[in-house]
Structure formats: structure tokens, C-alpha cells
Amino acid sequence: MRLLSFLFLLLVFNFNFALASSGNATNPTSALHPKQQKWQFDGIFGKFDKASAQRGYQVYKEVCSACHGLKLLSYRNLATIGFSEPEIKQIASEYLITDGPNDDGEMFERAGLPSDKMAGPYPNEQAARSANGGAYPPDLSLIVKARHDGANYVYSLLTGYQQAPDGFELASGKNYHPYFEGRQISMPPPLVEDGQLEYKDGTYATKEQMAIDVVNFLQFAAEPETEHRKKMGVRTMLFLLILFVLLLIAKKAVWRNVK
Amino acid sequence: MTNHNDPNQELQDFHKIHLDSEPNQSKATAWLNSRLPILSTLENTLKKHPYPKNLSYWWNFGSIAGIALLVQILSGLFLAMHYVPNTKLAFESVEHIMRDVNYGWLIRYIHAVGASMFFVALYAHITRGLYYGSYRAPREVLWWVGIIIFLLTMATAFMGYVLPWGQMSFWGATVITNLFSAIPVVGQSIVTWLWGGYSVDNPTLNRFFVLHFLMPFVIVGIVLLHLVALHQTGSNNPSGVPMKSKSDAIPFHPYFTIKDLVGFVAFFLVFGYFLFFYPNALGHPDNYIPANPMVTPAHIVPEWYFLPFYAILRAVPDKLGGVLMMFGAIALLFFLPYLDKSPVRSGAYRPLFKKFFYLFILNFIFLGWLGKAPAEGWYILASRLSTLYYYAYFLLVLPMLPKFEKTLPLPQSIDQHYKQNH
Amino acid sequence: MSDSSQNNNKPCNQTKRDLIKNTAYVAAGVGAVCAFLPFVDSMNPSQDVQALASIEVDISAIKQGEEKKVMWRGKPIFIKHRTPEEIKQASEASNSDLKDPQPDSDRVKKGKEQWLVTIGICTHLGCVPIGGQGEYKGWFCPCHGSQYDTSGRIRKGPAPKNLEVPPYEFLNDTTIKIG
């Protein structure tokens with residue numbers, strides 16, 4: 001009994017230190033949990049909201065691609081979210097891709113093809129850091145998988161900018177953000193106002209709408225196999241369930257012999 | 001009932017049991033068997049060899065672990081057709097598999113989730129062994145071979161996790177290989193030799209790929225030894241009372257073939273749930289960030305199946321001490337047959353043992369949870385107390401239990417035990 | 001198993017047991033085969049390789065008498081803009097002259113006879129023939145001396161077949177799509 005009390009006191013004594021890493025009570029530095037949204041791709045029957053993902057690509061193209069690459073995707077991958085072959089050809093051809101060397105030994109630029117990987121804003125990480133005050137705008141191909149609760153995290157990041165609270169010491173070049181670990185993010189708010197861009201399908205581009213759309217697009221970018229995987233999953237689990245029941249019945253039947 | 005405590009008697013009784021089997025040899029079978037007794041060995045194992053008839057589903061995990069090994073080898077083989085073990089190309093080659101190789105995403109996720117499932121099966125299998133006293137005479141060597149399989153599997157999994165060359169791959173490799181520098185005098189030289197350089201880099205990745213490819217086949221060989229050792233002593237069973245006569249035993253086929261199939265499908269159901277719907281739940285998001293030697297992740301965490309040992313490592317403030325305690329936690333298992341001196345083998349008949357055992361399991365899980373927590377605050381004290389109990393269970397509790405515990409009366413035979421429960 | 005020969009004498013529930021057992025085994029077998037199929041498919045050409053299965057080539061810059069070489073599916077392709085004399089020579093050859101008889105008209109597109117598109121791999125043992133050389137003014141393979149005419153047909157030498165014509169079509173007058 002005395003041993004237990006002693007251990008309990010030790011525990012309580014040590015507990016105070018657990019709070020040390022989260023700043024202090026009035027100005028915490030640990031990130032808030034991401035805002036929880038309902039996404040069409042969630043759940044065992046999840047599907048891409050293709051119209052939204054297409055708008056999201058437009059957001060990426062017109063806002064994010066100024067700083068962020070998407071180098072793991074090829075233009076032909078856009079077919080998965082519903083772009084047609086001529087549309088893809090058109091999109092790809094608007095980009096300049098470095099190719100070569102040619103017969104003179106020089107690298108040259110040519111119009112993009114559907115088979116090309118998507119062109120990014122910088123040739124390498126060093127160039128990206130140099131153009132952004134030392135901070136590296138991460139490639140977005142996998143961002144939804146590279147962050148805990150990725151889709152909700154990206155959504156919260158895009159919609160969660162706030163004024164820094166009084167007394168918060170903001171380093172130069174940084175922006176206050178309650179959903180970013182450390183609460184100071186180098187990226188200025190990318191979605192600045194409603195109607196920032198004009199969607200091709202006519203939907204009004206509120207900040208909220210753009211955030212939702214780009215998350216739908218980035219979910220596809222990170223996991224293009226989502227629909228196929230879940231469809232296969234439902235069928236396989238159903239098959240296994242039935243097989244399990246069959247085998248269990250067979251097992252019991254066979255074991256009836258054992259006395 | 002002192003008879004069953006004599007391992008030699010137990011072996012003698014076991015080898016005397018012969019199950020009926022029709023001598024069903026065709027001419028072709030006889031011809032092959034006289035030159036290579038492969039078919040007759042199979043027939044003996046499946047139909048003549050006696051198995052206790054009272055085995056519970058806890059005995060399924062061995063064959064499930066075997067299937068998990070085959071799944072890993074198959075999926076790994078096909079991944080290796082597309083993976084490139086070079087630091088500049090590794091991460092992208094994995095993404096190439098995920099996005100461009102037909103069903104590449106499926107094979108990759110099978111391999112990643114499969115590793116976790118393999119450890120689920122292994123831990124369940126070991127738990128069965130610990131509870132029912134399967135490590136005791138005459139099964140000591142069987143137990144030791146099993147620990148070797150466990151160690152080799154952990155080494156294989158560790159190297160495999162480095163291959164995608166994500167942040168956790170790189171930093172996990174750095175932390176764990178650096179441990180060897182704790183060895184006095186030669187430590188740093190060993191680490192440099194392991195790395196093939198002055199940090200974890202391309203030479204390290206390349207050799208980890210080769211070794212990761214090779215080890216599973218070594219494991220298959222050791223598993224065969226494991227099965228041979230099992231064949232020598234026969235299986236343990238939930239009562240702990242050994243097989244003594246034909247009425248205790250049944251052949252493997254058809255009883256355990258069908259029962260094992262049930263187990264496999266149950267295993268695949270759990271596997272499939274993660275594989276198709278939550279393939280990254282057991283992994284770490286940081287491994288989707290390409291390795292960066294300049295940026296250390298906020299919390300370096302190994303995969304879940306290493307967490308209890310990671311907690312033990314961090315519990316000790318001294319580097320060498322931590323390494324010794326971590327490896328010691330597994331080395332301890334080798335001595336188990338000599339630490340547990342109870343006259344009763346199966347935990348089912350040892351009420352006091354049961355309490356300490358459940359506490360041990362809960363403590364192990366708690367250690368795992370602590371392994372994930374930051375090494376700060378009350379987590380530190382908790383890790384130390386947990387590590388203490390882990391060691392105390394083997395070094396103090398088990399040897400001392402026979403002096404205090406009142407065991408329950410054992411069934412007369414396996415046959416009787418089976419009839420009691422059906 | 002001895003019961004297989006005694007089906008008729010078994011009580012009803014024994015045959016029912018067998019049916020369930022066999023159904024279960026067959027279902028498990030089907031499952032195992034289905035599980036293996038994705039692995040087999042993973043060895044087929046991946047999506048990025050398939051994306052390059054067809055290429056589009058701009059032929060507007062190829063002057064008469066010139067040849068352009070492009071890579072298609074890892075193989076060299078000869079795109080030759082033939083002169084009227086070359087076309088005449090090709091169409092005049094008779095079957096007795098040809099080791100692998102094939103009229104020139106079969107090897108080009110109607111209305112576009114000036115364009116000859118062939119895979120630049122000698123049908124003997126796989127070397128790349130050199131254009132504008134040889135007795136027949138077509139291609140000459142330096143490895144073992146095979147000679148091809150202005151239609152890419154084998155005339156002399158050890159090669160057994162004419163240069164292969166890949167699948168291609170004219171998207172418009174200045175662009176062809178190969179594959």
C-alpha cells in the first residue's frame with residue numbers, strides 16, 4: 001500500500017514535466033487537431049468527387065504550382081479524375097519540358113506530352129529554398145499521406161489562418177497558424193479571397209470551396225488507386241466472409257468424428 | 001502424477017503412439033519413395049503422426065505465421081522486380097510501383113501490411129508458448145529455434161523498412177545502427193563497417209536490400225528445423241498433459257488441415273481489412289517524406305512491433321546499458337525453460353501464475369505504448385517501472401511461483417480433457 | 001481416404017458433409033488462383049511504359065530524299081521521305097527478285113507512297129542497317145552484308161524477311177502516330 005502511494009506521488013510529480021513541451025498555458029505552440037470534414041473518398045465505399053477534383057487541379061495549377069511541385073504525377077494520370085484525352089493533351093502542351101541532349105549535345109525545351117511528369121516551379125530543392133527565404137515548399141504529390149490525418153490537415157491549413165494572439169512572438173518571415181506545429185508557418189495564406197479564380201465549370205470559387213476542391217485533388221494525387229482499392233476490398237472481404245463461414249461449417253462437420 | 005514431469009518418459013510415450021493409416025502406395029509412389037522418400041514423409045506427417053486432439057485455436061498461429069512468411073516472400077519477390085536500391089532512385093521506384101506497375105499498389109501494401117500481420121501472428125504464437133509452458137522440457141530446443149526465427153524476422157523487418165528511403169527509413173536506420181557504437185573499444189569501427197561509410201548512405205541501402213532479400217530464405221530453413229524439432233517431441237496442448245495413448249491423438253489430416261484453413265481465412269480477413277481500407281494505419285506518415293539527412297523528424301519511432309523493445313532501450317539513461325537491456329530482454333527468453341520450475345506445465349492450471357501472466361501481457365502492451373511516447377515527463381519513470389516488471393517476471397516471479405502457488409488438479413489424460421470440454 | 005469408394009452406403013449427413021467440405025476447398029482454391037493473378041499482371045508492361053507505346057512524330061521537316069530516325073518501344077524507326085525514282089524502283093521489282101515477296105504498295109499508305117516507315121532492325125540477327133547504302137540503294141547491314149531495297153525489302157544476304165513495317169497512321173499531313 002505504501003509502495004503504491006509512493007509510486008503514485010512519483011507519477012504526479014513527473015506529470016508536470018509532460019506539459020513543458022507545449023509552450024505555456026496562455027500561448028501554446030502545439031498544433032490544434034485538424035478540423036474534421038466529411039470526404040466522399042472516406043469509408044469502405046469511398047469514391048473520388050471527380051468534379052471537385054478537377055476544380056482542385058485548377059486551384060493547384062493557378063495558385064499552388066507557383067511554389068509547389070507535383071513531380072510524381074504524369075499528365076495522363078488526370079484521366080482518373082475524369083479529364084478526357086484531348087483535354088489532357090491540351091493541358092500537357094501548355095507546359096515546357098526540358099528534354100535532350102539533342103544531336104548537338106544540348107538540352108532543349110519542348111511542349112509537354114501526356115506521358116511527361118508534371119513540370120514543377122523549381123529545378124531542385126536548393127532553387128526552391130533560395131526563392132523562398134530558406135523554406136522549402138514541399139512537393140504535394142504525397143502530402144495527404146505524409147501528414148497525420150492528411151486530408152483534414154491540408155484543409156485546416158488552407159482555411160485556418162488567424163491573427164497571432166497578443167504576446168505571441170512571431171519570427172520574421174513567418175505567419176501565425178494554429179494548425180501548424182510550432183504555430184509559425186513560412187507559407188503566407190494562399191487562398192486570399194472568394195472569387196480568387198474563375199472555375200471552368202462555373203462554380204463560385206469561395207475560399208472554402210477552393211480548399212475542399214484542392215484537398216479532393218490532392219487526395220487523388222497521393223492515392224490514385226483509391227477507388228480501385230476499395231472496390232476490390234469490398235469484393236474480397238465479402239468472398240472471404242463467405243469462405244470463412246463455409247470452412248467453419250466444414251470444420252465442424254469433419255470434427256464431429258472426434259469423440 | 002509425477003510421471004509426466006519426466007521429459008524422457010514423455011518422449012518415450014510419444015514415440016510409441018502410432019495412428020492407423022492405410023498403406024495406400026501405388027506402384028509409382030513406391031518407385032519414387034524408394035529413391036526419395038518425399039511422398040512417404042508427407043504421408044507420415046499428415047496421417048500417421050499423432051497430434052493432441054484437444055488443441056485450441058491458439059495452436060493455429062504457428063501455421064498462420066508460416067503463411068505470413070510465404071506471403072511476404074511472394075509479394076517481396078514481385079516488388080524486387082521493380083524496386084531500385086539506390087538512394088537517388090529508391091523512393092521514386094516505390095512510387096513507380098504504387099502508381100505505374102499494374103497492381104503495384106496492391107503488392108506494395110500486401111508487403112507492408114503483411115509485415116505487421118506477420119508480427120501479430122508471431123506475438124500470438126509466442127504468447128501461446130508462454131502461457132501453456134510450451135518452452136519446457138523436452139521442447140527447449142524447439143523454443144530456442146523459435147527465438148532465433150523471431151530475431152531473424154526482426155532483423156529482416158528492420159532492414160526492409162529502410163528500403164523505401166523515407167524519413168523514418170533513414171533516421172530509424174541511423175539511430176539503430178548507431179547503437180552498436182556503444183560497444184566499448186570496437187563499437188565505432190563496427191558501425192562504420194556496417195554503414196560502409198561515415199553515415200547511413202547508398203552502400204548501407206544496397207547491402208540492406210541484399211540481406212533483406214536473403215534472410216527470408218534463411219528463415220524458411222530455420223522454420224524447417226523448427227518443424228523437425230516439433231516432430232521429435234510432438235505438440236504441447238492446452239492441458240499440458242502429454243500424449244500417452246492413441247485415444248489422446250488424431251492425425252493432422254483431415255482435422256488440422258481444415259482447422260488451419262479456417263485460421264488462414266480468419267487471418268486474411270484481418271489482413272484484408274487493413275490492406276484494402278486502412279493500409280497506412282499501422283505505418284508512419286513521415287515515411288512518405290523522402291529521406292533528408294539534414295532534417296531529423298520530431299519523433300523518431302520504429303514500427304509498432306518494435307515499440308516495446310524501443311521503450312526498454314530508452315528507459316536506461318546509459319547508451320550501452322540501454323542496448324544491453326534491450327537485447328537482454330530477448331536473450332532472457334533463452335533461459336525460460338530453466339527459470340520456470342513449476343511441476344505444472346500449462347498456465348490453465350496455475351491460478352496465481354495466470355495473474356502475473358496477464359499483468360506481463362498488459363505490461364508488454366503498455367511498454368509498446370510508451371515506446372511511441374516522447375521520452376519526457378512521467379513517461380520516463382513509467383518506462384523504467386515497466387522494464388523492471390518485464391525482467392522481474394522472468395527472473396523473480398517465475399522461479400519463485402512454485403513456492404507459493406496452489407495448482408489445480410490436472411486431467412488424467414488429453415482424452416479426458418477433450419471429453420470434459422465437449 | 002477410404003470413404004470415397006463407399007458413397008452409396010453413407011448416411012445422408014456424410015455426403016452433405018463432403019459437399020460442404022468440397023465446396024469449401026474449391027472456393028479456397030479459386031480464391032488462391034484469383035489472388036495470384038495481380039502478381040502475374042504486375043510483370044506486364046507498367047502504365048508509364050504503356051504510355052510510350054504510341055508516339056507522334058512531326059514529319060514536316062523531313063525533306064525529300066532524307067531519313068529521320070526516332071525511337072519507338074526501345075527500337076529505332078526509319079522514316080524515309082522517298083524520291084520519285086526511289087518509289088519507281090520499289091514498285092518495279094517483280095516477285096522473282098524478292099526473297100520475301102511483297103508489293104511496295106503493301107508497305108506504304110495509299111496516297112502517301114513517298115513515306116516509308118520501317119523498324120530499323122535487320123531481320124537477320126538484329127543489327128541496325130545503314131541507310132543510303134548498298135546495291136539496291138536502300139539499306140545495308142554491316143554485320144553480315146544483308147541488302148535492302150528502297151522499299152526496305154531484303155534482296156541479298158542472309159536476312160530472311162523484309163524490314164518490318166510497324167503499325168502507324170497519318171493523323172494529318174505532317175504528323176504520323178506510330179503504335
# chains A, B, ... in the order shown; residues from 1 in each chain; ligands from 1

$ interface_residues --of "chain B" --to "chain C" --cutoff "7 Å" --atoms "only C-alpha atoms" --output "PyMOL selection string"
chain B and resi 78+100-104

$ interface_residues --of "chain B" --to "chain A" --cutoff "8 Å" --atoms "only C-alpha atoms" --output "NGL selection string"
:B and (53 or 92 or 95 or 99 or 105-106 or 254-255 or 258-259 or 261-262 or 265-266 or 268-269 or 272-273 or 276-277 or 285-289 or 376-378 or 381-382 or 419)

$ write_last_selection --atoms "N, CA, C and O atoms" --output "tab-separated table (two decimals), in the first residue's frame"
chain	number	residue	atom	x	y	z
B	53	LYS	N	-5.71	-34.19	-29.56
B	53	LYS	CA	-7.00	-33.83	-30.15
B	53	LYS	C	-7.62	-32.61	-29.49
B	53	LYS	O	-8.58	-32.05	-30.01
B	92	GLU	N	11.51	7.02	-55.41
B	92	GLU	CA	10.72	7.12	-56.64
B	92	GLU	C	10.36	5.75	-57.19
B	92	GLU	O	9.28	5.59	-57.78
B	95	GLU	N	7.33	4.66	-55.53
B	95	GLU	CA	6.16	5.37	-56.06
B	95	GLU	C	5.82	4.88	-57.46
B	95	GLU	O	4.64	4.85	-57.85
B	99	ARG	N	2.16	3.63	-58.50
B	99	ARG	CA	1.34	4.35	-59.48
B	99	ARG	C	1.31	3.74	-60.86
B	99	ARG	O	0.30	3.83	-61.56
B	105	TRP	N	0.36	-1.13	-56.41
B	105	TRP	CA	-0.11	-0.64	-55.12
B	105	TRP	C	-0.56	-1.81	-54.24
B	105	TRP	O	-0.30	-1.84	-53.03
B	106	LEU	N	-1.19	-2.78	-54.83
B	106	LEU	CA	-1.68	-3.93	-54.09
B	106	LEU	C	-0.52	-4.74	-53.52
B	106	LEU	O	-0.50	-5.09	-52.33
B	254	PRO	N	-7.65	-35.28	-41.71
B	254	PRO	CA	-8.19	-34.01	-42.21
B	254	PRO	C	-8.42	-32.95	-41.14
B	254	PRO	O	-8.78	-31.82	-41.46
B	255	TYR	N	-8.16	-33.29	-39.85
B	255	TYR	CA	-8.64	-32.41	-38.78
B	255	TYR	C	-7.95	-31.06	-38.73
B	255	TYR	O	-8.59	-30.01	-38.60
B	258	ILE	N	-8.18	-28.78	-42.22
B	258	ILE	CA	-9.36	-27.94	-42.32
B	258	ILE	C	-9.34	-26.85	-41.25
B	258	ILE	O	-9.70	-25.69	-41.50
B	259	LYS	N	-8.89	-27.18	-40.06
B	259	LYS	CA	-8.87	-26.18	-38.99
B	259	LYS	C	-7.86	-25.08	-39.32
B	259	LYS	O	-8.11	-23.90	-39.05
B	261	LEU	N	-7.08	-24.13	-42.29
B	261	LEU	CA	-7.69	-23.31	-43.35
B	261	LEU	C	-8.63	-22.27	-42.74
B	261	LEU	O	-8.64	-21.11	-43.16
B	262	VAL	N	-9.39	-22.68	-41.75
B	262	VAL	CA	-10.26	-21.72	-41.05
B	262	VAL	C	-9.40	-20.59	-40.50
B	262	VAL	O	-9.72	-19.41	-40.65
B	265	VAL	N	-8.12	-18.15	-43.26
B	265	VAL	CA	-9.13	-17.21	-43.76
B	265	VAL	C	-9.42	-16.14	-42.72
B	265	VAL	O	-9.57	-14.96	-43.06
B	266	ALA	N	-9.46	-16.52	-41.44
B	266	ALA	CA	-9.65	-15.51	-40.39
B	266	ALA	C	-8.50	-14.51	-40.44
B	266	ALA	O	-8.70	-13.30	-40.34
B	268	PHE	N	-6.70	-13.78	-43.10
B	268	PHE	CA	-6.83	-12.95	-44.29
B	268	PHE	C	-7.93	-11.90	-44.11
B	268	PHE	O	-7.86	-10.81	-44.70
B	269	LEU	N	-8.94	-12.20	-43.31
B	269	LEU	CA	-9.98	-11.21	-43.06
B	269	LEU	C	-9.40	-10.01	-42.32
B	269	LEU	O	-9.65	-8.86	-42.70
B	272	GLY	N	-7.04	-8.29	-44.76
B	272	GLY	CA	-7.76	-7.57	-45.80
B	272	GLY	C	-8.36	-6.27	-45.31
B	272	GLY	O	-8.38	-5.26	-46.02
B	273	TYR	N	-8.84	-6.27	-44.08
B	273	TYR	CA	-9.43	-5.06	-43.51
B	273	TYR	C	-8.42	-3.91	-43.55
B	273	TYR	O	-8.71	-2.81	-43.99
B	276	PHE	N	-7.04	-3.21	-47.58
B	276	PHE	CA	-7.88	-2.50	-48.55
B	276	PHE	C	-8.40	-1.17	-48.04
B	276	PHE	O	-8.65	-0.26	-48.83
B	277	PHE	N	-8.62	-1.04	-46.73
B	277	PHE	CA	-9.30	0.15	-46.24
B	277	PHE	C	-8.43	1.07	-45.39
B	277	PHE	O	-8.64	2.27	-45.38
B	285	PRO	N	3.32	8.48	-41.16
B	285	PRO	CA	3.25	9.41	-42.29
B	285	PRO	C	4.63	9.94	-42.71
B	285	PRO	O	4.86	10.18	-43.90
B	286	ASP	N	5.53	10.09	-41.78
B	286	ASP	CA	6.85	10.65	-42.12
B	286	ASP	C	7.59	9.82	-43.15
B	286	ASP	O	8.51	10.32	-43.80
B	287	ASN	N	7.21	8.56	-43.30
B	287	ASN	CA	7.93	7.77	-44.30
B	287	ASN	C	7.48	8.04	-45.72
B	287	ASN	O	8.03	7.47	-46.66
B	288	TYR	N	6.50	8.95	-45.87
B	288	TYR	CA	6.13	9.41	-47.21
B	288	TYR	C	6.86	10.69	-47.56
B	288	TYR	O	6.56	11.33	-48.57
B	289	ILE	N	7.81	11.08	-46.69
B	289	ILE	CA	8.69	12.20	-46.99
B	289	ILE	C	10.05	11.61	-47.36
B	289	ILE	O	10.59	10.79	-46.59
B	376	GLU	N	9.87	12.01	-22.30
B	376	GLU	CA	9.81	13.15	-21.39
B	376	GLU	C	8.87	12.83	-20.25
B	376	GLU	O	8.09	11.89	-20.32
B	377	GLY	N	8.92	13.67	-19.21
B	377	GLY	CA	7.90	13.65	-18.16
B	377	GLY	C	7.72	12.31	-17.50
B	377	GLY	O	8.68	11.55	-17.28
B	378	TRP	N	6.48	11.98	-17.18
B	378	TRP	CA	6.22	10.76	-16.41
B	378	TRP	C	6.43	9.52	-17.25
B	378	TRP	O	6.52	8.41	-16.72
B	381	LEU	N	9.66	7.61	-16.05
B	381	LEU	CA	9.52	6.75	-14.88
B	381	LEU	C	8.70	5.51	-15.23
B	381	LEU	O	9.05	4.38	-14.85
B	382	ALA	N	7.61	5.71	-15.96
B	382	ALA	CA	6.74	4.59	-16.32
B	382	ALA	C	7.52	3.54	-17.12
B	382	ALA	O	7.37	2.33	-16.88
B	419	LYS	N	-12.95	-34.65	-23.54
B	419	LYS	CA	-14.33	-35.01	-23.25
B	419	LYS	C	-14.96	-34.03	-22.28
B	419	LYS	O	-16.13	-33.69	-22.38

$ interface_residues --of "chain C" --to "chain A" --cutoff "12 Å" --atoms "only C-alpha atoms" --output "PyMOL selection string"
chain C and resi 13-32+34-35+38+47-56+69

$ residues_around --residues "range 188-192 of chain A" --least-positions-apart "3" --cutoff "7 Å" --atoms "only C-alpha atoms" --output "list in words"
Val63, Leu158, Tyr161, Asn175 and Lys207 of chain A

$ write_last_selection --atoms "C-alpha atoms" --output "mmCIF file, in the first residue's frame"
data_model
loop_
_atom_site.group_PDB
_atom_site.id
_atom_site.type_symbol
_atom_site.label_atom_id
_atom_site.label_comp_id
_atom_site.auth_asym_id
_atom_site.auth_seq_id
_atom_site.Cartn_x
_atom_site.Cartn_y
_atom_site.Cartn_z
ATOM 1 C CA VAL A 63 -2.397 29.055 -57.073
ATOM 2 C CA LEU A 158 -5.706 26.294 -46.021
ATOM 3 C CA TYR A 161 -5.060 31.203 -40.846
ATOM 4 C CA ASN A 175 2.841 33.611 -40.377
ATOM 5 C CA LYS A 207 -12.118 30.160 -50.165
#

$ residues_around --residues "Trp115 in chain C" --least-positions-apart "2" --cutoff "8 Å" --atoms "only C-alpha atoms" --output "list of chain:residue names"
C:Ile79, C:Lys80, C:His81, C:Arg82, C:Val108, C:Lys109, C:Lys112, C:Glu113, C:Val117

$ write_last_selection --atoms "C-alpha atoms" --output "PDB file, in the first residue's frame"
ATOM      1  CA  ILE C  79      11.092   7.419 -91.522  1.00  0.00           C
ATOM      2  CA  LYS C  80      12.160   7.902 -95.164  1.00  0.00           C
ATOM      3  CA  HIS C  81      10.851  10.643 -97.463  1.00  0.00           C
ATOM      4  CA  ARG C  82      11.358   8.837-100.771  1.00  0.00           C
ATOM      5  CA  VAL C 108       3.097   2.206 -97.596  1.00  0.00           C
ATOM      6  CA  LYS C 109      -0.134   4.139 -97.145  1.00  0.00           C
ATOM      7  CA  LYS C 112       1.388   8.731 -99.246  1.00  0.00           C
ATOM      8  CA  GLU C 113       3.752   6.490-101.177  1.00  0.00           C
ATOM      9  CA  VAL C 117       8.209   3.805 -92.238  1.00  0.00           C
TER      10      VAL C 117
END

$ select_by_dssp --residues "range 198-259 of chain A" --states "helix (DSSP H, G or I)" --output "NGL selection string"
:A and (207-222 or 226-255)

$ write_last_selection --atoms "N, CA and C atoms" --output "short mmCIF file (atom, residue, chain, number, x, y, z; two decimals), in the first residue's frame"
data_model
loop_
_atom_site.label_atom_id
_atom_site.label_comp_id
_atom_site.auth_asym_id
_atom_site.auth_seq_id
_atom_site.Cartn_x
_atom_site.Cartn_y
_atom_site.Cartn_z
N LYS A 207 -13.32 30.73 -50.76
CA LYS A 207 -12.12 30.16 -50.16
C LYS A 207 -12.40 28.74 -49.69
N GLU A 208 -13.57 28.56 -49.07
CA GLU A 208 -13.98 27.25 -48.58
C GLU A 208 -14.04 26.25 -49.73
N GLN A 209 -14.68 26.68 -50.83
CA GLN A 209 -14.83 25.79 -51.98
C GLN A 209 -13.47 25.39 -52.54
N MET A 210 -12.58 26.38 -52.65
CA MET A 210 -11.25 26.09 -53.22
C MET A 210 -10.49 25.12 -52.32
N ALA A 211 -10.64 25.30 -51.00
CA ALA A 211 -9.94 24.41 -50.07
C ALA A 211 -10.44 22.98 -50.24
N ILE A 212 -11.75 22.81 -50.25
CA ILE A 212 -12.35 21.48 -50.40
C ILE A 212 -11.88 20.86 -51.72
N ASP A 213 -11.95 21.65 -52.78
CA ASP A 213 -11.62 21.11 -54.10
C ASP A 213 -10.15 20.69 -54.18
N VAL A 214 -9.27 21.53 -53.65
CA VAL A 214 -7.85 21.17 -53.78
C VAL A 214 -7.51 19.96 -52.91
N VAL A 215 -8.21 19.81 -51.77
CA VAL A 215 -7.97 18.61 -50.96
C VAL A 215 -8.44 17.37 -51.71
N ASN A 216 -9.60 17.46 -52.35
CA ASN A 216 -10.07 16.32 -53.15
C ASN A 216 -9.06 15.97 -54.24
N PHE A 217 -8.48 17.01 -54.85
CA PHE A 217 -7.48 16.76 -55.89
C PHE A 217 -6.22 16.12 -55.30
N LEU A 218 -5.77 16.65 -54.15
CA LEU A 218 -4.53 16.15 -53.57
C LEU A 218 -4.68 14.73 -53.01
N GLN A 219 -5.91 14.40 -52.59
CA GLN A 219 -6.15 13.02 -52.15
C GLN A 219 -5.96 12.08 -53.34
N PHE A 220 -6.50 12.50 -54.50
CA PHE A 220 -6.31 11.70 -55.70
C PHE A 220 -4.82 11.63 -56.06
N ALA A 221 -4.13 12.77 -55.94
CA ALA A 221 -2.71 12.81 -56.31
C ALA A 221 -1.90 11.84 -55.47
N ALA A 222 -2.24 11.75 -54.16
CA ALA A 222 -1.48 10.88 -53.27
C ALA A 222 -1.86 9.42 -53.43
N THR A 226 -7.29 4.75 -55.08
CA THR A 226 -8.29 4.67 -54.00
C THR A 226 -9.56 3.91 -54.40
N GLU A 227 -10.18 4.33 -55.52
CA GLU A 227 -11.45 3.70 -55.88
C GLU A 227 -11.27 2.22 -56.18
N HIS A 228 -10.25 1.90 -56.97
CA HIS A 228 -9.98 0.51 -57.34
C HIS A 228 -9.72 -0.32 -56.10
N ARG A 229 -8.94 0.24 -55.19
CA ARG A 229 -8.57 -0.49 -53.98
C ARG A 229 -9.79 -0.81 -53.13
N LYS A 230 -10.67 0.19 -52.95
CA LYS A 230 -11.81 -0.04 -52.08
C LYS A 230 -12.83 -0.97 -52.72
N LYS A 231 -12.97 -0.86 -54.05
CA LYS A 231 -13.91 -1.75 -54.74
C LYS A 231 -13.42 -3.19 -54.61
N MET A 232 -12.14 -3.40 -54.86
CA MET A 232 -11.56 -4.73 -54.72
C MET A 232 -11.72 -5.21 -53.29
N GLY A 233 -11.57 -4.28 -52.33
CA GLY A 233 -11.67 -4.61 -50.92
C GLY A 233 -13.04 -5.15 -50.55
N VAL A 234 -14.07 -4.46 -50.99
CA VAL A 234 -15.43 -4.90 -50.65
C VAL A 234 -15.66 -6.30 -51.21
N ARG A 235 -15.26 -6.52 -52.46
CA ARG A 235 -15.49 -7.84 -53.07
C ARG A 235 -14.69 -8.92 -52.37
N THR A 236 -13.41 -8.60 -52.07
CA THR A 236 -12.56 -9.62 -51.44
C THR A 236 -13.05 -9.96 -50.04
N MET A 237 -13.42 -8.93 -49.26
CA MET A 237 -13.89 -9.20 -47.90
C MET A 237 -15.17 -10.02 -47.91
N LEU A 238 -16.05 -9.71 -48.87
CA LEU A 238 -17.29 -10.48 -48.98
C LEU A 238 -16.97 -11.95 -49.27
N PHE A 239 -16.08 -12.15 -50.26
CA PHE A 239 -15.68 -13.52 -50.61
C PHE A 239 -15.09 -14.24 -49.40
N LEU A 240 -14.19 -13.54 -48.68
CA LEU A 240 -13.54 -14.17 -47.53
C LEU A 240 -14.53 -14.49 -46.42
N LEU A 241 -15.50 -13.61 -46.24
CA LEU A 241 -16.51 -13.85 -45.21
C LEU A 241 -17.29 -15.12 -45.50
N ILE A 242 -17.72 -15.23 -46.77
CA ILE A 242 -18.48 -16.42 -47.16
C ILE A 242 -17.61 -17.66 -47.04
N LEU A 243 -16.37 -17.54 -47.50
CA LEU A 243 -15.45 -18.68 -47.42
C LEU A 243 -15.22 -19.09 -45.97
N PHE A 244 -15.12 -18.08 -45.09
CA PHE A 244 -14.90 -18.35 -43.68
C PHE A 244 -16.05 -19.18 -43.11
N VAL A 245 -17.27 -18.74 -43.41
CA VAL A 245 -18.44 -19.47 -42.91
C VAL A 245 -18.45 -20.90 -43.45
N LEU A 246 -18.20 -21.03 -44.76
CA LEU A 246 -18.17 -22.37 -45.38
C LEU A 246 -17.15 -23.27 -44.68
N LEU A 247 -15.94 -22.73 -44.49
CA LEU A 247 -14.87 -23.54 -43.89
C LEU A 247 -15.20 -23.89 -42.44
N LEU A 248 -15.82 -22.95 -41.74
CA LEU A 248 -16.16 -23.22 -40.36
C LEU A 248 -17.17 -24.37 -40.27
N ILE A 249 -18.17 -24.32 -41.15
CA ILE A 249 -19.16 -25.41 -41.19
C ILE A 249 -18.46 -26.73 -41.53
N ALA A 250 -17.58 -26.67 -42.53
CA ALA A 250 -16.87 -27.89 -42.94
C ALA A 250 -16.02 -28.42 -41.80
N LYS A 251 -15.37 -27.51 -41.10
CA LYS A 251 -14.52 -27.92 -39.97
C LYS A 251 -15.34 -28.63 -38.90
N LYS A 252 -16.47 -28.03 -38.53
CA LYS A 252 -17.31 -28.64 -37.52
C LYS A 252 -17.80 -30.02 -37.98
N ALA A 253 -18.13 -30.10 -39.27
CA ALA A 253 -18.60 -31.38 -39.81
C ALA A 253 -17.51 -32.43 -39.72
N VAL A 254 -16.29 -32.07 -40.11
CA VAL A 254 -15.19 -33.02 -40.07
C VAL A 254 -14.88 -33.43 -38.63
N TRP A 255 -14.95 -32.48 -37.70
CA TRP A 255 -14.58 -32.75 -36.32
C TRP A 255 -15.64 -33.51 -35.53
#

$ residues_around --residues "Val145 in chain B" --least-positions-apart "4" --cutoff "10 Å" --atoms "only C-alpha atoms" --output "list of chain:residue names"
B:Glu140, B:Val141, B:Ile149, B:Phe150, B:Leu151, B:Ile222, B:Val223, B:Leu224, B:Leu225, B:His226, B:Leu227, B:Ala229, B:Phe334

$ residues_around --residues "Pro129 in chain C" --least-positions-apart "2" --cutoff "8 Å" --atoms "only C-alpha atoms" --output "list in words"
Gly120, Ile121, Cys122, Cys127, Gly131, Trp139, Phe140, Cys141 and Pro142 of chain C

$ atom_distance --atom1 "CA of Val344 in chain B" --atom2 "CA of Asp13 in chain B"
18.4 Å

$ select_by_dssp --residues "range 32-156 of chain A" --states "strand (DSSP E or B)" --output "ChimeraX atom specification"
/A:74,96-99,108-111,117
